[in-house]
Amino acid sequence: MSKAMENKRTARVLAFDLGASGGRAILGTYKDGTLTAEEVCRFKNEPVYSGGHLRWNFGELLSEVKKGIAEAGSFDSVGFDTWGVDFGLLDKNGRLLEDPVNYRDGRTAGMCEKVFESVPRAELYAGTGSQIMPINTLFQLMALKNGQPELLKRADRLLFMPDLFAYALCGSAVCEQTIASTSQMLDPVSKSWNRALLEKLGLPVKLLLPTVPSGTAVGSIKLRDGSEAKVIAVAGHDTQCAVAAVPSQSENAAFLSCGTWSLFGTELDSPVLTEKSMELGLSNETGADGRTNYLKNIIGLWLIQECRRCWREQGSELGFEDIAKEAERAPSLRCFIDPDAEEFSSPGDMPERIKRYCAKTGQYVPQTVGEISRCIYESLALKYRFALGQLRDVTKKDFSVLHILGGGSNASLLCRMTADACGIPVIAGPAEATALGNIIIQLRVLGCLNDISEGRGLIGRTQAVVRYELDPESALAKSCERYRRFIETNSRP
């Protein structure tokens, strides 16, 4: 038994996991070396248009968080993880100036090129290690500088989303490293802000708090029974919480955090900042244990989510399982998309956009729910193979297994397709990996676990996973080269 277990044998912790389409509160109970997790509540996260921008309704989300805290009863600590890049601005009195703008808002159009006028692309990548994407915080701040300079002048402090929730509850403001590493403003080696970059762009460095490592106790809140619970800055970026829950210690494992976004990567001891890495669109993010999670951002199940929303608006009550069944019955490999093509990045009529994309690229145009959804699933699986090849090329790792984490681990069709396409076994689960990673980080702070490695062992012993073996003779496996040529002809890396 570890020293940590000798020190503290029981704890109850509350994990809030907020994604781009919904949030949930999961209560983790640790007792005598075992871990159980139960859902306390689940709520929607629906962006709204306000003041000319697509925004997150922070007041409503905070109300749902407070309800979750009340429903959870008594617990020892609470932590928040969310999507990356987005933030709130506080004035000098600590008030939120406006609801945070959603990364899918169009305000960052042209901002990459604006930054490149002062900082060349290669210099930007070498100084931040981040995949250059218009949604990143740096480009959002440039949009404010160019379009709303008065708002930037009124701001006294910037808080990323998970830190904003913690601040709203306990009044203590911090900037946690994993969420900061999504910003395109953090030095991936020192884990501190790249001040020279920000000053060169004329962006106010004063807005940014010094970063703190994952697993920092921030403050405390009073519960209904009069007890207090610690507020812990876990790995604020949901991807890093999910990776913390990978039930494996193998250095040759790849991970796929699969939800609205697909984050496909591997763990490294240090960042890769080469021009080749930049050209391949690979990103260096800080993990919960301080290591580098080297990954590629791929638009993920957002495509299915948006299609389902459109079909439901047209009167169809299809659930995700129904959509997968329709895809299973549809003919295979009739058409492809690049999930990361620009036309798929914003809300809208996704089925129609997919049809237009297929027509534009000279392919069969899918018509039915099954044909469209099969096109999405096959394209995702093949794009994962494409990303795996890039990771192999740069890291020289001989990947032996792929761990699919999060909600996508429940999509058996996608998991089977991914095993066939990637040519390695897939271990799917745990589905609640993000919340579980959040939980084990809190347990480490409370003295129940020594480190992330011990937490992974705990998850491996207590959580169910499903293994998918590859079929090298599958039609999908034989289509990888065809898809690679398609991507190189029609799309960005």
# chains A, B, ... in the order shown; residues from 1 in each chain; ligands from 1
$ select_by_dssp --residues "segment 118-268 of chain A" --states "helix (DSSP H, G or I)" --output "JSON, numbers by chain"
{"A": [121, 122, 123, 124, 125, 126, 127, 128, 137, 138, 139, 140, 141, 142, 143, 144, 145, 146, 147, 149, 150, 151, 152, 153, 154, 161, 162, 163, 164, 165, 166, 167, 168, 169, 170, 177, 178, 179, 180, 195, 196, 197, 198, 199, 200, 205, 206, 207, 238, 239, 240, 241, 242, 243, 244]}
$ residues_around --residues "segment 166-168 of chain A" --least-positions-apart "4" --cutoff "9 Å" --atoms "only C-alpha atoms" --output "PDB file with N, CA and C atoms, in the first residue's frame"
ATOM      1  N   LEU A  62     -23.193  28.868 -14.785  1.00  0.00           N
ATOM      2  CA  LEU A  62     -22.847  28.970 -13.371  1.00  0.00           C
ATOM      3  C   LEU A  62     -24.026  28.562 -12.494  1.00  0.00           C
ATOM      4  N   VAL A  78     -13.730  20.204  -5.180  1.00  0.00           N
ATOM      5  CA  VAL A  78     -14.394  20.353  -6.470  1.00  0.00           C
ATOM      6  C   VAL A  78     -13.383  20.897  -7.475  1.00  0.00           C
ATOM      7  N   GLY A  79     -13.489  20.442  -8.736  1.00  0.00           N
ATOM      8  CA  GLY A  79     -12.604  20.924  -9.786  1.00  0.00           C
ATOM      9  C   GLY A  79     -13.341  21.044 -11.108  1.00  0.00           C
ATOM     10  N   PHE A  80     -12.840  21.911 -11.990  1.00  0.00           N
ATOM     11  CA  PHE A  80     -13.489  22.187 -13.273  1.00  0.00           C
ATOM     12  C   PHE A  80     -12.539  21.910 -14.431  1.00  0.00           C
ATOM     13  N   LEU A 159      -9.320  35.401 -17.536  1.00  0.00           N
ATOM     14  CA  LEU A 159      -9.413  34.071 -16.935  1.00  0.00           C
ATOM     15  C   LEU A 159      -9.974  33.096 -17.963  1.00  0.00           C
ATOM     16  N   MET A 161     -11.798  29.576 -19.149  1.00  0.00           N
ATOM     17  CA  MET A 161     -13.106  29.128 -18.674  1.00  0.00           C
ATOM     18  C   MET A 161     -13.077  28.334 -17.361  1.00  0.00           C
ATOM     19  N   PRO A 162     -12.229  27.313 -17.211  1.00  0.00           N
ATOM     20  CA  PRO A 162     -12.272  26.580 -15.935  1.00  0.00           C
ATOM     21  C   PRO A 162     -11.884  27.448 -14.750  1.00  0.00           C
ATOM     22  N   SER A 172     -11.008  33.365  -5.806  1.00  0.00           N
ATOM     23  CA  SER A 172      -9.557  33.320  -6.018  1.00  0.00           C
ATOM     24  C   SER A 172      -9.276  33.094  -7.495  1.00  0.00           C
ATOM     25  N   ALA A 173      -8.373  33.911  -8.040  1.00  0.00           N
ATOM     26  CA  ALA A 173      -8.081  33.852  -9.474  1.00  0.00           C
ATOM     27  C   ALA A 173      -6.707  33.250  -9.707  1.00  0.00           C
ATOM     28  N   VAL A 174      -6.658  32.216 -10.566  1.00  0.00           N
ATOM     29  CA  VAL A 174      -5.389  31.617 -10.975  1.00  0.00           C
ATOM     30  C   VAL A 174      -5.454  31.337 -12.479  1.00  0.00           C
ATOM     31  N   VAL A 218      -6.968  26.199  -4.849  1.00  0.00           N
ATOM     32  CA  VAL A 218      -7.230  27.608  -5.139  1.00  0.00           C
ATOM     33  C   VAL A 218      -7.876  28.315  -3.949  1.00  0.00           C
ATOM     34  N   GLY A 219      -8.852  27.669  -3.350  1.00  0.00           N
ATOM     35  CA  GLY A 219      -9.603  28.272  -2.256  1.00  0.00           C
ATOM     36  C   GLY A 219     -10.590  27.259  -1.714  1.00  0.00           C
ATOM     37  N   VAL A 231     -11.500  24.119  -3.468  1.00  0.00           N
ATOM     38  CA  VAL A 231     -11.598  24.334  -4.908  1.00  0.00           C
ATOM     39  C   VAL A 231     -10.201  24.085  -5.473  1.00  0.00           C
ATOM     40  N   ILE A 232     -10.110  23.124  -6.399  1.00  0.00           N
ATOM     41  CA  ILE A 232      -8.810  22.706  -6.922  1.00  0.00           C
ATOM     42  C   ILE A 232      -8.738  22.992  -8.414  1.00  0.00           C
ATOM     43  N   ALA A 233      -7.671  23.662  -8.821  1.00  0.00           N
ATOM     44  CA  ALA A 233      -7.414  23.840 -10.257  1.00  0.00           C
ATOM     45  C   ALA A 233      -6.818  22.528 -10.754  1.00  0.00           C
TER      46      ALA A 233
END
$ residues_around --residues "Gly73 of chain A" --least-positions-apart "2" --cutoff "12 Å" --atoms "only C-alpha atoms" --output "list in words"
Arg12, Val13, Leu14, Leu27, Val40, Lys66, Lys67, Gly68, Ile69, Ala70, Glu71, Phe75, Asp76, Ser77, Val78, Lys222, Leu223, Arg224, Asp225, Gly226, Ser227, Glu228 and Ala229 of chain A
$ write_last_selection --atoms "N, CA and C atoms" --output "tab-separated table (two decimals), in the first residue's frame"
chain	number	residue	atom	x	y	z
A	12	ARG	N	-14.39	12.13	-1.02
A	12	ARG	CA	-15.45	12.34	-2.02
A	12	ARG	C	-15.12	13.64	-2.75
A	13	VAL	N	-15.05	13.56	-4.07
A	13	VAL	CA	-14.69	14.75	-4.84
A	13	VAL	C	-15.70	14.95	-5.97
A	14	LEU	N	-15.94	16.21	-6.30
A	14	LEU	CA	-16.92	16.55	-7.33
A	14	LEU	C	-16.20	17.11	-8.55
A	27	LEU	N	-19.60	12.70	-9.24
A	27	LEU	CA	-19.12	12.56	-7.87
A	27	LEU	C	-18.27	11.31	-7.76
A	40	VAL	N	-24.13	13.14	-11.01
A	40	VAL	CA	-25.01	13.93	-10.16
A	40	VAL	C	-26.04	14.66	-11.01
A	66	LYS	N	-24.01	25.57	-9.68
A	66	LYS	CA	-24.46	25.72	-8.29
A	66	LYS	C	-25.53	24.70	-7.94
A	67	LYS	N	-26.40	24.40	-8.88
A	67	LYS	CA	-27.40	23.34	-8.65
A	67	LYS	C	-26.70	22.00	-8.44
A	68	GLY	N	-25.69	21.72	-9.26
A	68	GLY	CA	-24.95	20.47	-9.14
A	68	GLY	C	-24.27	20.36	-7.79
A	69	ILE	N	-23.72	21.45	-7.31
A	69	ILE	CA	-23.06	21.46	-6.00
A	69	ILE	C	-24.07	21.16	-4.90
A	70	ALA	N	-25.26	21.75	-5.02
A	70	ALA	CA	-26.29	21.51	-4.02
A	70	ALA	C	-26.77	20.06	-4.05
A	71	GLU	N	-26.92	19.49	-5.27
A	71	GLU	CA	-27.39	18.11	-5.39
A	71	GLU	C	-26.36	17.10	-4.92
A	75	PHE	N	-18.95	16.86	0.13
A	75	PHE	CA	-17.76	16.37	-0.57
A	75	PHE	C	-16.55	17.17	-0.11
A	76	ASP	N	-15.37	16.66	-0.43
A	76	ASP	CA	-14.14	17.26	0.08
A	76	ASP	C	-13.53	18.31	-0.83
A	77	SER	N	-13.79	18.19	-2.14
A	77	SER	CA	-13.19	19.16	-3.08
A	77	SER	C	-13.98	19.17	-4.37
A	78	VAL	N	-13.73	20.20	-5.18
A	78	VAL	CA	-14.39	20.35	-6.47
A	78	VAL	C	-13.38	20.90	-7.47
A	222	LYS	N	-18.30	27.09	0.89
A	222	LYS	CA	-19.16	26.58	1.95
A	222	LYS	C	-20.25	25.71	1.33
A	223	LEU	N	-20.49	24.55	1.90
A	223	LEU	CA	-21.55	23.67	1.44
A	223	LEU	C	-22.80	23.84	2.31
A	224	ARG	N	-23.90	23.24	1.85
A	224	ARG	CA	-25.18	23.44	2.56
A	224	ARG	C	-25.14	22.96	3.99
A	225	ASP	N	-24.35	21.89	4.27
A	225	ASP	CA	-24.30	21.36	5.63
A	225	ASP	C	-23.33	22.12	6.53
A	226	GLY	N	-22.78	23.23	6.01
A	226	GLY	CA	-21.87	24.04	6.81
A	226	GLY	C	-20.41	23.66	6.67
A	227	SER	N	-20.13	22.53	6.03
A	227	SER	CA	-18.74	22.11	5.84
A	227	SER	C	-18.11	22.89	4.70
A	228	GLU	N	-16.80	22.76	4.56
A	228	GLU	CA	-16.10	23.43	3.48
A	228	GLU	C	-15.50	22.40	2.52
A	229	ALA	N	-15.44	22.76	1.25
A	229	ALA	CA	-14.79	21.93	0.23
A	229	ALA	C	-13.72	22.75	-0.45
$ residues_around --residues "Arg107 of chain A" --least-positions-apart "3" --cutoff "8 Å" --atoms "only C-alpha atoms" --output "list in words"
His53, Gln140 and Ala143 of chain A
$ residues_around --residues "segment 202-215 of chain A" --least-positions-apart "2" --cutoff "8 Å" --atoms "only C-alpha atoms" --output "VMD selection string"
chain A and resid 141 to 142 145 155 to 159 174 to 178 180 191 to 193 195 198 to 200 217 232 to 236 288 to 290 441 to 442 444 to 445
$ write_last_selection --atoms "N, CA and C atoms" --output "mmCIF file, in the first residue's frame"
data_model
loop_
_atom_site.group_PDB
_atom_site.id
_atom_site.type_symbol
_atom_site.label_atom_id
_atom_site.label_comp_id
_atom_site.auth_asym_id
_atom_site.auth_seq_id
_atom_site.Cartn_x
_atom_site.Cartn_y
_atom_site.Cartn_z
ATOM 1 N N LEU A 141 -7.643 37.607 -29.038
ATOM 2 C CA LEU A 141 -7.197 38.889 -28.475
ATOM 3 C C LEU A 141 -6.832 39.889 -29.570
ATOM 4 N N MET A 142 -6.249 39.394 -30.656
ATOM 5 C CA MET A 142 -5.979 40.287 -31.784
ATOM 6 C C MET A 142 -7.269 40.837 -32.362
ATOM 7 N N LYS A 145 -8.279 43.609 -30.104
ATOM 8 C CA LYS A 145 -7.407 44.783 -30.310
ATOM 9 C C LYS A 145 -7.824 45.562 -31.549
ATOM 10 N N ALA A 155 -10.418 45.981 -19.499
ATOM 11 C CA ALA A 155 -10.136 44.700 -18.852
ATOM 12 C C ALA A 155 -8.924 44.794 -17.933
ATOM 13 N N ASP A 156 -9.039 44.146 -16.790
ATOM 14 C CA ASP A 156 -7.940 44.114 -15.825
ATOM 15 C C ASP A 156 -7.306 42.730 -15.732
ATOM 16 N N ARG A 157 -8.069 41.686 -16.121
ATOM 17 C CA ARG A 157 -7.601 40.320 -15.932
ATOM 18 C C ARG A 157 -8.308 39.394 -16.911
ATOM 19 N N LEU A 158 -7.596 38.414 -17.406
ATOM 20 C CA LEU A 158 -8.165 37.389 -18.287
ATOM 21 C C LEU A 158 -8.164 36.063 -17.536
ATOM 22 N N LEU A 159 -9.320 35.401 -17.536
ATOM 23 C CA LEU A 159 -9.413 34.071 -16.935
ATOM 24 C C LEU A 159 -9.974 33.096 -17.963
ATOM 25 N N VAL A 174 -6.658 32.216 -10.566
ATOM 26 C CA VAL A 174 -5.389 31.617 -10.975
ATOM 27 C C VAL A 174 -5.454 31.337 -12.479
ATOM 28 N N CYS A 175 -4.324 30.988 -13.048
ATOM 29 C CA CYS A 175 -4.269 30.558 -14.446
ATOM 30 C C CYS A 175 -3.541 29.220 -14.479
ATOM 31 N N GLU A 176 -4.285 28.156 -14.706
ATOM 32 C CA GLU A 176 -3.742 26.797 -14.662
ATOM 33 C C GLU A 176 -3.023 26.481 -15.975
ATOM 34 N N GLN A 177 -1.922 25.738 -15.901
ATOM 35 C CA GLN A 177 -1.026 25.587 -17.048
ATOM 36 C C GLN A 177 -1.626 24.848 -18.238
ATOM 37 N N THR A 178 -2.392 23.776 -18.012
ATOM 38 C CA THR A 178 -2.857 23.005 -19.171
ATOM 39 C C THR A 178 -3.810 23.822 -20.027
ATOM 40 N N ALA A 180 -3.840 27.100 -20.151
ATOM 41 C CA ALA A 180 -3.031 28.172 -20.733
ATOM 42 C C ALA A 180 -2.306 27.689 -21.982
ATOM 43 N N LYS A 191 6.815 27.005 -19.521
ATOM 44 C CA LYS A 191 5.434 27.011 -19.018
ATOM 45 C C LYS A 191 5.031 28.394 -18.505
ATOM 46 N N SER A 192 5.672 29.420 -19.007
ATOM 47 C CA SER A 192 5.313 30.793 -18.656
ATOM 48 C C SER A 192 4.930 31.537 -19.927
ATOM 49 N N TRP A 193 4.349 32.720 -19.771
ATOM 50 C CA TRP A 193 3.872 33.467 -20.931
ATOM 51 C C TRP A 193 5.025 33.931 -21.802
ATOM 52 N N ARG A 195 6.225 36.610 -23.227
ATOM 53 C CA ARG A 195 6.022 38.058 -23.115
ATOM 54 C C ARG A 195 6.534 38.801 -24.346
ATOM 55 N N LEU A 198 3.868 38.686 -27.037
ATOM 56 C CA LEU A 198 2.714 39.542 -26.749
ATOM 57 C C LEU A 198 3.067 41.019 -26.902
ATOM 58 N N GLU A 199 4.258 41.391 -26.457
ATOM 59 C CA GLU A 199 4.667 42.790 -26.583
ATOM 60 C C GLU A 199 4.866 43.178 -28.047
ATOM 61 N N LYS A 200 5.390 42.259 -28.847
ATOM 62 C CA LYS A 200 5.586 42.534 -30.268
ATOM 63 C C LYS A 200 4.248 42.780 -30.969
ATOM 64 N N ALA A 217 -4.419 23.879 -5.190
ATOM 65 C CA ALA A 217 -5.575 24.265 -4.380
ATOM 66 C C ALA A 217 -5.754 25.774 -4.486
ATOM 67 N N ILE A 232 -10.110 23.124 -6.399
ATOM 68 C CA ILE A 232 -8.810 22.706 -6.922
ATOM 69 C C ILE A 232 -8.738 22.992 -8.414
ATOM 70 N N ALA A 233 -7.671 23.662 -8.821
ATOM 71 C CA ALA A 233 -7.414 23.840 -10.257
ATOM 72 C C ALA A 233 -6.818 22.528 -10.754
ATOM 73 N N VAL A 234 -7.667 21.699 -11.341
ATOM 74 C CA VAL A 234 -7.216 20.417 -11.887
ATOM 75 C C VAL A 234 -6.530 20.697 -13.224
ATOM 76 N N ALA A 235 -6.486 19.756 -14.123
ATOM 77 C CA ALA A 235 -6.065 20.067 -15.494
ATOM 78 C C ALA A 235 -7.270 20.733 -16.147
ATOM 79 N N GLY A 236 -7.220 22.054 -16.272
ATOM 80 C CA GLY A 236 -8.395 22.785 -16.722
ATOM 81 C C GLY A 236 -8.827 22.438 -18.124
ATOM 82 N N ALA A 288 -1.330 16.986 -17.520
ATOM 83 C CA ALA A 288 -1.614 17.123 -16.095
ATOM 84 C C ALA A 288 -0.386 16.874 -15.237
ATOM 85 N N ASP A 289 0.561 16.074 -15.743
ATOM 86 C CA ASP A 289 1.773 15.772 -14.986
ATOM 87 C C ASP A 289 2.953 16.617 -15.429
ATOM 88 N N GLY A 290 2.693 17.634 -16.253
ATOM 89 C CA GLY A 290 3.744 18.522 -16.708
ATOM 90 C C GLY A 290 4.455 18.063 -17.964
ATOM 91 N N ILE A 441 -6.867 13.759 -10.163
ATOM 92 C CA ILE A 441 -6.024 14.914 -9.832
ATOM 93 C C ILE A 441 -6.434 15.477 -8.476
ATOM 94 N N GLN A 442 -7.739 15.559 -8.236
ATOM 95 C CA GLN A 442 -8.199 16.019 -6.919
ATOM 96 C C GLN A 442 -7.761 15.061 -5.812
ATOM 97 N N ARG A 444 -5.173 13.222 -5.739
ATOM 98 C CA ARG A 444 -3.746 13.418 -5.489
ATOM 99 C C ARG A 444 -3.523 14.602 -4.554
ATOM 100 N N VAL A 445 -4.254 15.692 -4.783
ATOM 101 C CA VAL A 445 -4.112 16.871 -3.931
ATOM 102 C C VAL A 445 -4.561 16.567 -2.507
#
$ residues_around --residues "Phe116 of chain A" --least-positions-apart "4" --cutoff "12 Å" --atoms "only C-alpha atoms" --output "VMD selection string"
chain A and resid 110 to 112 120 to 125 132 138 to 139 142 197 200 to 201
$ residues_around --residues "Leu446 of chain A" --least-positions-apart "3" --cutoff "8 Å" --atoms "only C-alpha atoms" --output "list in words"
Lys8, Ala11, Gln442, Leu443 and Leu449 of chain A
$ closest_atom_pairs --of "segment 227-276 of chain A" --to "segment 379-401 of chain A" --cutoff "8 Å" --atoms "only C-alpha atoms" --output "tab-separated table"
residue	atom	partner	partner_atom	distance
A:Asn252	CA	A:Phe399	CA	4.7
A:Ala253	CA	A:Val401	CA	5.2
A:Ala254	CA	A:Val401	CA	6.4
A:Phe264	CA	A:Ala387	CA	7.1
A:Gly265	CA	A:Leu391	CA	7.2
A:Thr266	CA	A:Leu391	CA	7.9
$ atom_distance --atom1 "atom CA of Phe165 of chain A" --atom2 "atom CA of Arg9 of chain A"
28.7 Å
$ atom_distance --atom1 "atom CA of Arg95 of chain A" --atom2 "atom CA of Thr137 of chain A"
20.3 Å
$ decode --residues "segment 157-179 of chain A" --atoms "N, CA and C atoms" --output "PDB file, in the first residue's frame"
ATOM      1  N   ARG A 157      -8.069  41.686 -16.121  1.00  0.00           N
ATOM      2  CA  ARG A 157      -7.601  40.320 -15.932  1.00  0.00           C
ATOM      3  C   ARG A 157      -8.308  39.394 -16.911  1.00  0.00           C
ATOM      4  N   LEU A 158      -7.596  38.414 -17.406  1.00  0.00           N
ATOM      5  CA  LEU A 158      -8.165  37.389 -18.287  1.00  0.00           C
ATOM      6  C   LEU A 158      -8.164  36.063 -17.536  1.00  0.00           C
ATOM      7  N   LEU A 159      -9.320  35.401 -17.536  1.00  0.00           N
ATOM      8  CA  LEU A 159      -9.413  34.071 -16.935  1.00  0.00           C
ATOM      9  C   LEU A 159      -9.974  33.096 -17.963  1.00  0.00           C
ATOM     10  N   PHE A 160      -9.267  31.984 -18.159  1.00  0.00           N
ATOM     11  CA  PHE A 160      -9.789  30.929 -19.023  1.00  0.00           C
ATOM     12  C   PHE A 160     -10.998  30.284 -18.361  1.00  0.00           C
ATOM     13  N   MET A 161     -11.798  29.576 -19.149  1.00  0.00           N
ATOM     14  CA  MET A 161     -13.106  29.128 -18.674  1.00  0.00           C
ATOM     15  C   MET A 161     -13.077  28.334 -17.361  1.00  0.00           C
ATOM     16  N   PRO A 162     -12.229  27.313 -17.211  1.00  0.00           N
ATOM     17  CA  PRO A 162     -12.272  26.580 -15.935  1.00  0.00           C
ATOM     18  C   PRO A 162     -11.884  27.448 -14.750  1.00  0.00           C
ATOM     19  N   ASP A 163     -10.919  28.345 -14.955  1.00  0.00           N
ATOM     20  CA  ASP A 163     -10.498  29.239 -13.883  1.00  0.00           C
ATOM     21  C   ASP A 163     -11.569  30.277 -13.579  1.00  0.00           C
ATOM     22  N   LEU A 164     -12.354  30.630 -14.585  1.00  0.00           N
ATOM     23  CA  LEU A 164     -13.451  31.580 -14.390  1.00  0.00           C
ATOM     24  C   LEU A 164     -14.535  30.978 -13.497  1.00  0.00           C
ATOM     25  N   PHE A 165     -14.842  29.698 -13.695  1.00  0.00           N
ATOM     26  CA  PHE A 165     -15.822  29.043 -12.822  1.00  0.00           C
ATOM     27  C   PHE A 165     -15.313  28.969 -11.386  1.00  0.00           C
ATOM     28  N   ALA A 166     -14.054  28.602 -11.220  1.00  0.00           N
ATOM     29  CA  ALA A 166     -13.478  28.535  -9.874  1.00  0.00           C
ATOM     30  C   ALA A 166     -13.514  29.906  -9.200  1.00  0.00           C
ATOM     31  N   TYR A 167     -13.174  30.942  -9.958  1.00  0.00           N
ATOM     32  CA  TYR A 167     -13.182  32.304  -9.421  1.00  0.00           C
ATOM     33  C   TYR A 167     -14.590  32.721  -8.998  1.00  0.00           C
ATOM     34  N   ALA A 168     -15.578  32.389  -9.824  1.00  0.00           N
ATOM     35  CA  ALA A 168     -16.953  32.770  -9.520  1.00  0.00           C
ATOM     36  C   ALA A 168     -17.449  32.125  -8.230  1.00  0.00           C
ATOM     37  N   LEU A 169     -16.885  30.970  -7.885  1.00  0.00           N
ATOM     38  CA  LEU A 169     -17.310  30.264  -6.674  1.00  0.00           C
ATOM     39  C   LEU A 169     -16.553  30.706  -5.430  1.00  0.00           C
ATOM     40  N   CYS A 170     -15.218  30.863  -5.549  1.00  0.00           N
ATOM     41  CA  CYS A 170     -14.436  31.091  -4.333  1.00  0.00           C
ATOM     42  C   CYS A 170     -13.714  32.431  -4.297  1.00  0.00           C
ATOM     43  N   GLY A 171     -13.729  33.166  -5.420  1.00  0.00           N
ATOM     44  CA  GLY A 171     -13.132  34.491  -5.425  1.00  0.00           C
ATOM     45  C   GLY A 171     -11.635  34.525  -5.605  1.00  0.00           C
ATOM     46  N   SER A 172     -11.008  33.365  -5.806  1.00  0.00           N
ATOM     47  CA  SER A 172      -9.557  33.320  -6.018  1.00  0.00           C
ATOM     48  C   SER A 172      -9.276  33.094  -7.495  1.00  0.00           C
ATOM     49  N   ALA A 173      -8.373  33.911  -8.040  1.00  0.00           N
ATOM     50  CA  ALA A 173      -8.081  33.852  -9.474  1.00  0.00           C
ATOM     51  C   ALA A 173      -6.707  33.250  -9.707  1.00  0.00           C
ATOM     52  N   VAL A 174      -6.658  32.216 -10.566  1.00  0.00           N
ATOM     53  CA  VAL A 174      -5.389  31.617 -10.975  1.00  0.00           C
ATOM     54  C   VAL A 174      -5.454  31.337 -12.479  1.00  0.00           C
ATOM     55  N   CYS A 175      -4.324  30.988 -13.048  1.00  0.00           N
ATOM     56  CA  CYS A 175      -4.269  30.558 -14.446  1.00  0.00           C
ATOM     57  C   CYS A 175      -3.541  29.220 -14.479  1.00  0.00           C
ATOM     58  N   GLU A 176      -4.285  28.156 -14.706  1.00  0.00           N
ATOM     59  CA  GLU A 176      -3.742  26.797 -14.662  1.00  0.00           C
ATOM     60  C   GLU A 176      -3.023  26.481 -15.975  1.00  0.00           C
ATOM     61  N   GLN A 177      -1.922  25.738 -15.901  1.00  0.00           N
ATOM     62  CA  GLN A 177      -1.026  25.587 -17.048  1.00  0.00           C
ATOM     63  C   GLN A 177      -1.626  24.848 -18.238  1.00  0.00           C
ATOM     64  N   THR A 178      -2.392  23.776 -18.012  1.00  0.00           N
ATOM     65  CA  THR A 178      -2.857  23.005 -19.171  1.00  0.00           C
ATOM     66  C   THR A 178      -3.810  23.822 -20.027  1.00  0.00           C
ATOM     67  N   ILE A 179      -4.675  24.597 -19.403  1.00  0.00           N
ATOM     68  CA  ILE A 179      -5.609  25.408 -20.182  1.00  0.00           C
ATOM     69  C   ILE A 179      -4.864  26.569 -20.839  1.00  0.00           C
TER      70      ILE A 179
END
